[in-house]
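Below is the file start-v9.cif, which contains mmCIF, C-alpha atoms and all ligand atoms.
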data_run
#
loop_
_atom_site.label_atom_id
_atom_site.label_comp_id
_atom_site.auth_asym_id
_atom_site.auth_seq_id
_atom_site.Cartn_x
_atom_site.Cartn_y
_atom_site.Cartn_z
CA MET A 1 4.81 -18.46 -18.03
CA ILE A 2 1.79 -18.40 -15.74
CA VAL A 3 2.67 -19.90 -12.37
CA SER A 4 -0.12 -22.11 -11.04
CA PRO A 5 -1.53 -21.15 -7.64
CA PRO A 6 -0.54 -23.08 -4.50
CA ALA A 7 -4.19 -23.94 -3.77
CA GLU A 8 -7.56 -24.73 -5.28
CA ILE A 9 -10.86 -23.08 -4.49
CA GLY A 10 -12.78 -25.09 -1.91
CA MET A 11 -9.65 -26.75 -0.52
CA PRO A 12 -9.16 -26.86 3.28
CA LEU A 13 -6.60 -24.28 4.38
CA ALA A 14 -4.39 -27.00 5.82
CA GLU A 15 -3.85 -28.40 2.30
CA VAL A 16 -2.56 -25.14 0.79
CA ASP A 17 1.02 -25.57 -0.35
CA THR A 18 3.68 -23.32 1.17
CA PRO A 19 5.05 -20.72 1.17
CA ALA A 20 1.76 -19.09 0.20
CA LEU A 21 0.33 -15.61 0.59
CA LEU A 22 -2.89 -15.99 2.56
CA LEU A 23 -5.62 -13.39 2.79
CA ASP A 24 -8.16 -13.75 5.58
CA LEU A 25 -11.18 -12.44 3.69
CA ASP A 26 -13.28 -11.66 6.78
CA ALA A 27 -10.53 -9.50 8.32
CA PHE A 28 -9.73 -7.91 4.94
CA GLU A 29 -13.38 -6.97 4.38
CA ARG A 30 -13.66 -5.49 7.87
CA ASN A 31 -10.58 -3.33 7.13
CA LEU A 32 -12.09 -2.20 3.82
CA THR A 33 -15.36 -1.22 5.46
CA ARG A 34 -13.75 0.48 8.45
CA LEU A 35 -11.73 2.91 6.37
CA ALA A 36 -14.58 3.52 3.91
CA ASP A 37 -16.89 4.41 6.84
CA ARG A 38 -14.23 6.53 8.51
CA ALA A 39 -13.59 8.51 5.31
CA LYS A 40 -17.32 9.16 4.94
CA ARG A 41 -17.52 10.39 8.53
CA MET A 42 -14.50 12.68 7.98
CA GLY A 43 -16.04 14.00 4.75
CA VAL A 44 -13.05 13.14 2.55
CA ARG A 45 -12.64 11.01 -0.56
CA LEU A 46 -10.68 7.76 -0.59
CA ARG A 47 -8.19 6.89 -3.30
CA PRO A 48 -6.48 3.84 -1.78
CA HIS A 49 -2.94 2.97 -2.76
CA ALA A 50 -2.84 -0.02 -5.10
CA LYS A 51 0.96 -0.33 -4.80
CA THR A 52 0.15 -2.27 -1.63
CA HIS A 53 -1.89 -4.99 -3.33
CA LYS A 54 -1.18 -4.75 -7.12
CA SER A 55 -4.59 -6.26 -7.78
CA PRO A 56 -7.44 -4.89 -9.90
CA VAL A 57 -9.79 -7.23 -8.02
CA ILE A 58 -8.95 -5.54 -4.72
CA ALA A 59 -9.06 -2.08 -6.33
CA ARG A 60 -12.58 -2.76 -7.57
CA ARG A 61 -13.62 -3.93 -4.09
CA GLN A 62 -12.31 -0.64 -2.68
CA MET A 63 -14.21 1.35 -5.30
CA ALA A 64 -17.40 -0.64 -4.68
CA LEU A 65 -17.27 0.76 -1.14
CA GLY A 66 -16.99 4.35 -2.35
CA ALA A 67 -13.34 4.97 -3.29
CA VAL A 68 -13.20 7.43 -6.21
CA GLY A 69 -10.36 5.50 -7.83
CA VAL A 70 -6.96 4.21 -6.78
CA CYS A 71 -3.39 5.38 -6.99
CA CYS A 72 -0.23 3.48 -7.80
CA GLN A 73 3.46 4.28 -8.22
CA LYS A 74 4.36 2.82 -11.61
CA VAL A 75 3.08 2.94 -15.18
CA SER A 76 3.01 -0.88 -15.34
CA GLU A 77 0.82 -0.92 -12.21
CA ALA A 78 -1.51 1.60 -13.84
CA GLU A 79 -1.67 -0.58 -16.97
CA ALA A 80 -2.57 -3.68 -14.95
CA LEU A 81 -5.26 -1.76 -13.06
CA VAL A 82 -6.85 -0.29 -16.20
CA GLN A 83 -6.73 -3.68 -17.96
CA GLY A 84 -8.49 -5.09 -14.90
CA GLY A 85 -11.36 -2.63 -15.20
CA VAL A 86 -10.27 0.29 -12.98
CA ALA A 87 -11.35 3.52 -14.66
CA ASP A 88 -9.64 6.17 -12.51
CA VAL A 89 -5.93 5.89 -11.65
CA LEU A 90 -3.47 8.42 -10.24
CA VAL A 91 0.23 7.63 -10.53
CA SER A 92 1.16 9.28 -7.22
CA ASN A 93 4.75 9.53 -8.29
CA GLU A 94 7.04 11.13 -10.86
CA ILE A 95 7.78 9.23 -14.05
CA ALA A 96 10.80 9.81 -16.25
CA GLY A 97 11.50 8.80 -19.82
CA ALA A 98 9.72 9.25 -23.16
CA ARG A 99 8.57 5.62 -23.34
CA LYS A 100 6.90 5.76 -19.92
CA CYS A 101 5.19 9.07 -20.80
CA ALA A 102 3.92 7.56 -24.07
CA ARG A 103 2.53 4.50 -22.25
CA LEU A 104 0.79 6.76 -19.75
CA ALA A 105 -0.69 8.88 -22.53
CA ALA A 106 -1.90 5.73 -24.31
CA LEU A 107 -3.60 4.69 -21.09
CA ALA A 108 -5.36 8.06 -20.87
CA ARG A 109 -7.35 6.99 -23.96
CA GLU A 110 -8.94 4.26 -21.87
CA ALA A 111 -9.25 5.70 -18.36
CA ARG A 112 -9.05 8.86 -16.28
CA ILE A 113 -5.32 9.17 -15.63
CA ALA A 114 -3.36 11.58 -13.45
CA VAL A 115 0.31 11.83 -12.48
CA CYS A 116 2.63 13.90 -10.28
CA VAL A 117 5.46 16.25 -11.26
CA ASP A 118 8.15 18.12 -9.37
CA ASP A 119 10.15 19.61 -12.26
CA VAL A 120 9.57 21.36 -15.59
CA ALA A 121 11.27 18.40 -17.28
CA HIS A 122 8.29 16.23 -16.29
CA ILE A 123 5.84 18.82 -17.60
CA GLU A 124 7.57 19.06 -20.97
CA ALA A 125 7.79 15.28 -21.46
CA LEU A 126 4.18 14.64 -20.38
CA SER A 127 2.86 17.48 -22.52
CA ALA A 128 4.65 16.14 -25.61
CA ALA A 129 3.24 12.64 -25.04
CA SER A 130 -0.30 13.92 -24.37
CA VAL A 131 -0.26 15.97 -27.56
CA ALA A 132 1.09 13.02 -29.58
CA TYR A 133 -1.71 10.77 -28.28
CA GLY A 134 -4.43 13.44 -28.45
CA VAL A 135 -5.32 13.11 -24.75
CA THR A 136 -5.46 15.29 -21.66
CA ILE A 137 -3.61 14.12 -18.55
CA ASP A 138 -4.36 15.56 -15.13
CA VAL A 139 -1.27 16.65 -13.25
CA LEU A 140 -0.58 17.26 -9.56
CA VAL A 141 2.41 19.14 -8.24
CA GLU A 142 4.16 17.07 -5.61
CA ILE A 143 5.45 19.14 -2.70
CA ASN A 144 8.02 18.03 -0.16
CA VAL A 145 6.16 18.12 3.14
CA GLY A 146 8.95 16.54 5.20
CA GLY A 147 9.69 13.16 3.65
CA ASN A 148 12.62 14.49 1.58
CA ARG A 149 11.96 12.00 -1.23
CA CYS A 150 10.47 13.56 -4.35
CA GLY A 151 8.61 16.87 -4.35
CA VAL A 152 9.35 20.51 -5.02
CA GLU A 153 9.52 22.81 -2.00
CA PRO A 154 6.12 24.21 -0.90
CA GLY A 155 5.15 27.77 -1.81
CA ALA A 156 6.65 29.67 -4.74
CA PRO A 157 8.41 26.69 -6.42
CA ALA A 158 5.09 24.82 -6.48
CA LEU A 159 3.33 27.86 -7.91
CA ALA A 160 5.85 28.05 -10.75
CA LEU A 161 5.11 24.43 -11.67
CA ALA A 162 1.32 24.94 -11.47
CA GLU A 163 1.69 27.86 -13.87
CA GLY A 164 3.77 25.69 -16.19
CA ILE A 165 1.14 22.93 -16.18
CA ALA A 166 -1.68 25.40 -16.85
CA LYS A 167 0.15 26.62 -19.96
CA ALA A 168 1.21 23.17 -21.24
CA PRO A 169 -0.85 21.69 -24.08
CA GLY A 170 -2.42 18.33 -23.21
CA LEU A 171 -2.14 18.83 -19.45
CA ARG A 172 -4.61 20.02 -16.83
CA PHE A 173 -3.61 21.19 -13.35
CA ARG A 174 -5.47 19.16 -10.72
CA GLY A 175 -3.87 19.95 -7.37
CA LEU A 176 -1.20 18.96 -4.88
CA GLN A 177 0.40 15.70 -3.86
CA ALA A 178 1.48 16.20 -0.24
CA TYR A 179 2.35 12.77 1.15
CA HIS A 180 4.54 12.62 4.25
CA GLY A 181 6.13 9.16 4.04
CA SER A 182 8.45 9.40 7.01
CA ALA A 183 5.58 10.33 9.36
CA GLN A 184 3.76 7.04 8.83
CA HIS A 185 5.81 4.86 11.17
CA ILE A 186 6.58 7.32 13.95
CA ALA A 187 5.40 5.05 16.75
CA ASP A 188 4.66 7.83 19.26
CA PHE A 189 1.16 9.22 18.71
CA ALA A 190 1.87 12.88 19.49
CA LYS A 191 5.02 12.98 17.37
CA ARG A 192 3.20 11.32 14.47
CA ARG A 193 0.31 13.79 14.80
CA ASP A 194 2.74 16.75 14.87
CA ALA A 195 4.55 15.54 11.74
CA ALA A 196 1.23 15.20 9.92
CA ALA A 197 0.15 18.66 11.13
CA SER A 198 3.37 20.19 9.83
CA ALA A 199 2.74 18.57 6.41
CA ALA A 200 -0.84 19.87 6.39
CA ALA A 201 0.39 23.41 7.17
CA LYS A 202 2.74 23.30 4.17
CA ALA A 203 -0.04 22.00 1.92
CA ARG A 204 -2.44 24.68 3.19
CA GLU A 205 0.00 27.56 2.59
CA THR A 206 0.75 26.28 -0.90
CA ARG A 207 -2.93 25.78 -1.71
CA ASP A 208 -3.73 29.34 -0.61
CA LEU A 209 -0.82 30.84 -2.56
CA LEU A 210 -1.89 29.00 -5.71
CA ALA A 211 -5.51 30.10 -5.24
CA ARG A 212 -4.40 33.74 -4.96
CA HIS A 213 -2.80 33.28 -8.39
CA GLY A 214 -5.88 31.71 -9.94
CA HIS A 215 -4.89 28.04 -9.66
CA ASP A 216 -7.48 26.23 -7.56
CA CYS A 217 -6.56 22.78 -6.29
CA ALA A 218 -9.36 20.35 -6.98
CA ASP A 219 -7.45 17.62 -5.14
CA ILE A 220 -5.08 17.73 -2.22
CA GLU A 221 -3.74 14.22 -1.86
CA GLY A 222 -1.71 12.37 0.73
CA ALA A 223 -1.96 10.24 3.90
CA GLY A 224 -1.06 6.69 4.74
CA THR A 225 -2.13 4.07 7.28
CA GLY A 226 -0.17 5.78 10.06
CA THR A 227 -1.58 9.30 9.70
CA TYR A 228 -4.85 9.16 7.71
CA ALA A 229 -6.98 10.33 10.64
CA PHE A 230 -4.89 13.52 10.89
CA GLU A 231 -5.02 14.38 7.18
CA GLY A 232 -8.69 13.40 7.07
CA THR A 233 -9.59 15.95 9.73
CA SER A 234 -7.06 18.61 8.71
CA GLY A 235 -9.47 20.61 6.56
CA VAL A 236 -6.73 20.65 3.89
CA TYR A 237 -6.56 17.17 2.38
CA ASN A 238 -9.63 16.02 0.50
CA GLU A 239 -8.36 12.69 -0.89
CA LEU A 240 -6.60 10.00 1.15
CA GLN A 241 -4.14 7.51 -0.37
CA VAL A 242 -4.07 4.93 2.41
CA GLY A 243 -2.58 1.61 1.30
CA SER A 244 -1.48 -0.88 3.98
CA TYR A 245 -4.71 -0.63 6.01
CA ILE A 246 -6.21 -3.54 4.09
CA PHE A 247 -3.48 -5.93 5.33
CA MET A 248 -1.85 -4.38 8.45
CA ASP A 249 1.71 -5.62 8.69
CA ALA A 250 3.89 -6.16 11.76
CA HIS A 251 5.63 -2.79 11.28
CA TYR A 252 2.36 -0.82 11.40
CA ALA A 253 1.31 -2.86 14.44
CA ARG A 254 4.17 -1.14 16.35
CA ASN A 255 2.50 2.31 16.01
CA LEU A 256 0.86 3.52 19.23
CA ASP A 257 -2.47 5.25 19.80
CA GLU A 258 -3.14 8.29 22.01
CA ASN A 259 -3.17 6.05 25.10
CA GLY A 260 0.21 4.53 24.31
CA ARG A 261 -1.36 1.22 23.26
CA PRO A 262 -0.79 -0.48 19.90
CA VAL A 263 -3.07 0.98 17.22
CA SER A 264 -6.23 -1.04 16.71
CA ASP A 265 -7.92 0.63 13.71
CA PHE A 266 -7.25 -2.35 11.42
CA GLU A 267 -6.62 -6.10 11.73
CA HIS A 268 -3.93 -8.32 10.31
CA SER A 269 -5.43 -9.98 7.25
CA LEU A 270 -2.32 -10.92 5.26
CA PHE A 271 -0.17 -13.88 6.22
CA VAL A 272 2.62 -15.95 4.82
CA TYR A 273 1.73 -19.60 5.28
CA ALA A 274 4.83 -21.67 6.04
CA THR A 275 5.63 -25.30 6.83
CA VAL A 276 7.97 -26.57 9.52
CA MET A 277 10.49 -28.40 7.33
CA SER A 278 13.12 -29.29 9.92
CA LYS A 279 13.28 -29.66 13.71
CA PRO A 280 16.97 -30.15 14.40
CA ALA A 281 16.74 -29.39 18.14
CA ARG A 282 14.06 -29.25 20.87
CA ASP A 283 14.11 -25.46 20.90
CA ARG A 284 14.79 -24.86 17.22
CA ALA A 285 12.90 -25.35 13.95
CA ALA A 286 13.17 -24.16 10.36
CA VAL A 287 10.25 -23.11 8.16
CA ASP A 288 10.21 -22.99 4.37
CA ALA A 289 9.68 -19.21 4.23
CA GLY A 290 12.90 -17.21 4.17
CA LYS A 291 14.05 -14.10 2.33
CA LYS A 292 12.36 -15.16 -0.92
CA ALA A 293 9.01 -15.42 0.86
CA LEU A 294 9.05 -12.44 3.24
CA ALA A 295 10.29 -8.85 3.02
CA MET A 296 12.41 -8.15 6.09
CA ASP A 297 13.33 -4.49 5.52
CA SER A 298 10.97 -3.46 8.33
CA GLY A 299 11.80 -6.28 10.72
CA MET A 300 11.17 -9.96 11.13
CA PRO A 301 7.74 -11.51 10.80
CA THR A 302 5.61 -12.14 13.85
CA PHE A 303 3.21 -15.02 14.48
CA ALA A 304 -0.56 -14.99 14.04
CA ASP A 305 -1.42 -17.92 16.29
CA LEU A 306 1.63 -18.70 18.42
CA ARG A 307 3.25 -16.93 21.38
CA ASP A 308 6.60 -17.73 22.98
CA ILE A 309 8.27 -18.17 19.62
CA GLU A 310 10.65 -16.01 17.60
CA TYR A 311 11.67 -15.82 13.95
CA THR A 312 15.36 -15.23 14.57
CA ALA A 313 17.10 -15.36 11.19
CA ALA A 314 16.45 -15.98 7.53
CA SER A 315 18.39 -17.34 4.60
CA ASP A 316 17.06 -17.52 1.06
CA GLU A 317 14.66 -20.43 1.57
CA HIS A 318 14.76 -20.94 5.34
CA GLY A 319 13.42 -19.15 8.38
CA ASN A 320 14.97 -20.09 11.74
CA LEU A 321 12.57 -20.29 14.67
CA LYS A 322 13.50 -20.21 18.35
CA LEU A 323 10.86 -22.19 20.22
CA GLY A 324 9.76 -21.37 23.74
CA GLU A 325 8.53 -24.21 25.99
CA THR A 326 4.93 -24.14 24.71
CA ASN A 327 5.97 -24.52 21.07
CA ARG A 328 8.41 -27.37 21.46
CA PRO A 329 5.77 -29.91 20.36
CA LEU A 330 5.88 -28.39 16.82
CA VAL A 331 6.71 -31.17 14.36
CA ILE A 332 7.84 -31.42 10.75
CA GLY A 333 4.87 -30.74 8.46
CA ASP A 334 3.07 -28.31 10.81
CA LYS A 335 1.86 -25.18 9.05
CA ILE A 336 1.91 -21.74 10.65
CA ARG A 337 0.76 -18.23 9.70
CA LEU A 338 3.43 -15.52 9.76
CA ILE A 339 2.58 -11.80 9.82
CA PRO A 340 4.99 -10.09 7.39
CA GLY A 341 7.10 -7.20 8.67
CA HIS A 342 6.28 -5.11 5.57
CA CYS A 343 3.26 -5.98 3.45
CA ASP A 344 3.92 -4.26 0.07
CA PRO A 345 7.27 -5.86 -0.78
CA THR A 346 6.07 -9.20 0.62
CA VAL A 347 3.06 -9.16 -1.72
CA ASN A 348 5.46 -8.39 -4.56
CA LEU A 349 7.15 -11.79 -3.99
CA TYR A 350 3.99 -13.76 -4.84
CA ASP A 351 1.95 -14.56 -7.95
CA TRP A 352 -1.32 -15.30 -6.13
CA TYR A 353 -3.40 -14.30 -3.14
CA VAL A 354 -5.00 -17.33 -1.55
CA GLY A 355 -8.17 -15.83 -0.06
CA TYR A 356 -9.79 -17.95 2.63
CA ARG A 357 -12.79 -17.77 4.93
CA GLY A 358 -12.80 -19.92 8.05
CA ASP A 359 -10.72 -22.90 7.00
CA ARG A 360 -11.67 -23.01 3.28
CA VAL A 361 -10.00 -21.43 0.28
CA GLU A 362 -12.52 -19.13 -1.37
CA ALA A 363 -10.58 -17.00 -3.88
CA LEU A 364 -7.40 -17.02 -5.94
CA TRP A 365 -6.42 -13.55 -7.16
CA PRO A 366 -3.38 -12.92 -9.38
CA ILE A 367 -0.83 -10.28 -8.39
CA ALA A 368 0.61 -7.89 -11.01
CA ARG A 369 3.97 -8.15 -9.36
CA GLY A 370 7.42 -7.08 -10.42
CA PRO A 371 9.69 -4.06 -10.06
CA GLY A 372 7.27 -1.87 -12.00
CA TYR A 373 8.58 -0.55 -15.29
C1 LIG A 401 2.66 8.34 -2.43
C2 LIG A 401 2.16 7.45 -1.34
N1 LIG A 401 0.93 7.65 -0.87
C3 LIG A 401 0.44 6.89 0.12
C4 LIG A 401 1.19 5.86 0.69
C5 LIG A 401 0.57 5.18 1.85
O1 LIG A 401 0.72 3.90 2.03
P1 LIG A 401 0.55 3.12 3.41
O2 LIG A 401 -0.84 3.31 3.87
O3 LIG A 401 0.81 1.75 2.94
O4 LIG A 401 1.56 3.59 4.37
C6 LIG A 401 2.48 5.62 0.21
C7 LIG A 401 3.32 4.55 0.77
O5 LIG A 401 4.49 4.42 0.60
C8 LIG A 401 2.99 6.44 -0.84
O6 LIG A 401 4.23 6.28 -1.32
#

Can you dump the structure from the file as structure tokens?
Amino acid sequence: MIVSPPAEIGMPLAEVDTPALLLDLDAFERNLTRLADRAKRMGVRLRPHAKTHKSPVIARRQMALGAVGVCCQKVSEAEALVQGGVADVLVSNEIAGARKCARLAALAREARIAVCVDDVAHIEALSAASVAYGVTIDVLVEINVGGNRCGVEPGAPALALAEGIAKAPGLRFRGLQAYHGSAQHIADFAKRRDAAASAAAKARETRDLLARHGHDCADIEGAGTGTYAFEGTSGVYNELQVGSYIFMDAHYARNLDENGRPVSDFEHSLFVYATVMSKPARDRAAVDAGKKALAMDSGMPTFADLRDIEYTAASDEHGNLKLGETNRPLVIGDKIRLIPGHCDPTVNLYDWYVGYRGDRVEALWPIARGPGY
């Protein structure tokens, strides 16, 4: 079933049905350009993370501004991207299971495909699938640079895997995946910088060890919206996987710059449009965007246009608002723009982006959403 979008192109924004996922195209385009320019100035390649947006349209916009390709986390995301015309995709993650490996190998017939490993079991399964499909898949060794998620330990364990890849039929060693996830939202600038520097040191040592054994890393990958400037100037990373920068959610807005002020590299461009559906008290209202419309794992949404107002609690289809004095005139039917706490899982709740410029709907882009199989 294809769900019809909550808007039509050319429609005034005020007529868009809610809850809807709005994209302010002017702000989005400024974010795209800012990071593309910054990467050029730092002399590193961009491979933005498509897990944020799950949209081949957005991936192609990123590549039109110089990105070498995109990355994603799931085989189904890679399939949607390739089907949508993206020719270079890295699955910046481990995949497990013969069926997934076969689907990835099938995709490598149509596009340049790479994937990460942190165990010989991955190498064996990927090699078998590549041979069966007659393709070559590029492989990066993921090292644990502090996030303690996936990733083999830096140094000798990574070398052993690089040697295994080099010997495996159907695989080609491409480099290191060295993403430090838990550094991204360290609000304090110096602590965030130090965490990124520690990750870069581990990547550097591993790169040098591998080089001494004849395994040169063409790519050293990592970075996110919180730390990209550190990786980009580290002299170690040459490809940045920044994802959320295009949207800037409320969680990232809590990171601080070197002067202790909120970071200002990127603008909020993604909003959940919601309608006031009930006003049971002077200082209380309910909107039609609750837990099924907003991811709340990183905190409650904030407000794009209103101050003196708080999103206090959510149930499945309701969001409770506490209204300060200036917002008490809000009435049933008013529409407001919420800034999601966490952009990626919020996007994953919607079928369509409603792109708008000024107060007109300009674009409707489908979202390849789902858990990612
Ligand atoms: C492997 C990987 N690379 C990069 C990112 C960066 O994303 P963001 O810029 O959204 O923090 C993530 C986010 O989770 C990730 O898992």

Can you tell me which residues come within 9 Å of ligand LIG 401 (chain A) when counting only C-alpha atoms and all ligand atoms, ideally as a short mmCIF file (atom, residue, chain, number, x, y, z; two decimals) with C-alpha atoms, in the frame of the given file?
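In the end it all went to pocket_6.cif:
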data_model
loop_
_atom_site.label_atom_id
_atom_site.label_comp_id
_atom_site.auth_asym_id
_atom_site.auth_seq_id
_atom_site.Cartn_x
_atom_site.Cartn_y
_atom_site.Cartn_z
CA PRO A 48 -6.48 3.84 -1.78
CA HIS A 49 -2.94 2.97 -2.76
CA ALA A 50 -2.84 -0.02 -5.10
CA LYS A 51 0.96 -0.33 -4.80
CA THR A 52 0.15 -2.27 -1.63
CA CYS A 71 -3.39 5.38 -6.99
CA CYS A 72 -0.23 3.48 -7.80
CA GLN A 73 3.46 4.28 -8.22
CA VAL A 91 0.23 7.63 -10.53
CA SER A 92 1.16 9.28 -7.22
CA ASN A 93 4.75 9.53 -8.29
CA GLN A 177 0.40 15.70 -3.86
CA ALA A 178 1.48 16.20 -0.24
CA TYR A 179 2.35 12.77 1.15
CA HIS A 180 4.54 12.62 4.25
CA GLY A 181 6.13 9.16 4.04
CA GLN A 184 3.76 7.04 8.83
CA HIS A 185 5.81 4.86 11.17
CA GLU A 221 -3.74 14.22 -1.86
CA GLY A 222 -1.71 12.37 0.73
CA ALA A 223 -1.96 10.24 3.90
CA GLY A 224 -1.06 6.69 4.74
CA THR A 225 -2.13 4.07 7.28
CA GLY A 226 -0.17 5.78 10.06
CA THR A 227 -1.58 9.30 9.70
CA TYR A 228 -4.85 9.16 7.71
CA LEU A 240 -6.60 10.00 1.15
CA GLN A 241 -4.14 7.51 -0.37
CA VAL A 242 -4.07 4.93 2.41
CA GLY A 243 -2.58 1.61 1.30
CA SER A 244 -1.48 -0.88 3.98
CA TYR A 245 -4.71 -0.63 6.01
CA ILE A 246 -6.21 -3.54 4.09
CA MET A 248 -1.85 -4.38 8.45
CA TYR A 252 2.36 -0.82 11.40
CA CYS A 343 3.26 -5.98 3.45
CA ASP A 344 3.92 -4.26 0.07
#

- Considering all atoms listed in the file, return as number ranges by chain whatever protein or nucleic-acid residues lie within 9 Å of Gly134 (chain A), sequence-local ones (same chain, fewer than 4 positions apart) excluded. A: 105, 109, 129-130, 170

*Cut-off 8 Å around (-9.0, -17.3, -3.1) with only C-alpha atoms: residues as a PyMOL selection string*: chain A and resi 8-9+23+353-356+361-365

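Ranking A:Asn259, A:Ser278, A:Ser269, A:Asn320 by their shortest atom-to-atom distance to Leu32 (chain A), with only C-alpha atoms included, puts A:Ser269 first.
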
For each of A:Arg357, A:Arg61, A:Arg34, A:Lys74, take the minimum atom-to-atom distance to Asp265 (chain A), counting only C-alpha atoms, then give the residue where this is smallest.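 For Asp265 (chain A), the nearest of the candidates is A:Arg34.
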
Next item on the list: Mind listing whatever residues come within 10 Å of the point (-15.5, -2.4, 4.4)? Use only C-alpha atoms, file coordinates, and give them as a list in words.
Entry: Asp26, Ala27, Phe28, Glu29, Arg30, Asn31, Leu32, Thr33, Arg34, Leu35, Ala36, Asp37, Arg38, Arg61, Gln62, Ala64, Leu65, Gly66 and Ile246 of chain A

Checklist entry - If you count all atoms listed in the file, which residues fall within 12 Å of Gly235 (chain A), apart from same-chain ones fewer than 3 positions away, as a ChimeraX atom specification? => result /A:42-44,197,200-201,203-204,207,220,229-232,238-239

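CA of Ile143 (chain A) to CA of Leu176 (chain A) spans 7.0 Å [interatomic distance, one decimal].
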
- Message: I'd like the contact shell of Ala314 (chain A) - 8 Å cut-off, all atoms listed in the file, skipping same-chain residues fewer than 5 positions apart - returned as a ChimeraX atom specification.
- Response: /A:290-291,319-320

One decimal place gives the CA of Thr312 (chain A)-CA of Phe266 (chain A) separation as 26.2 Å
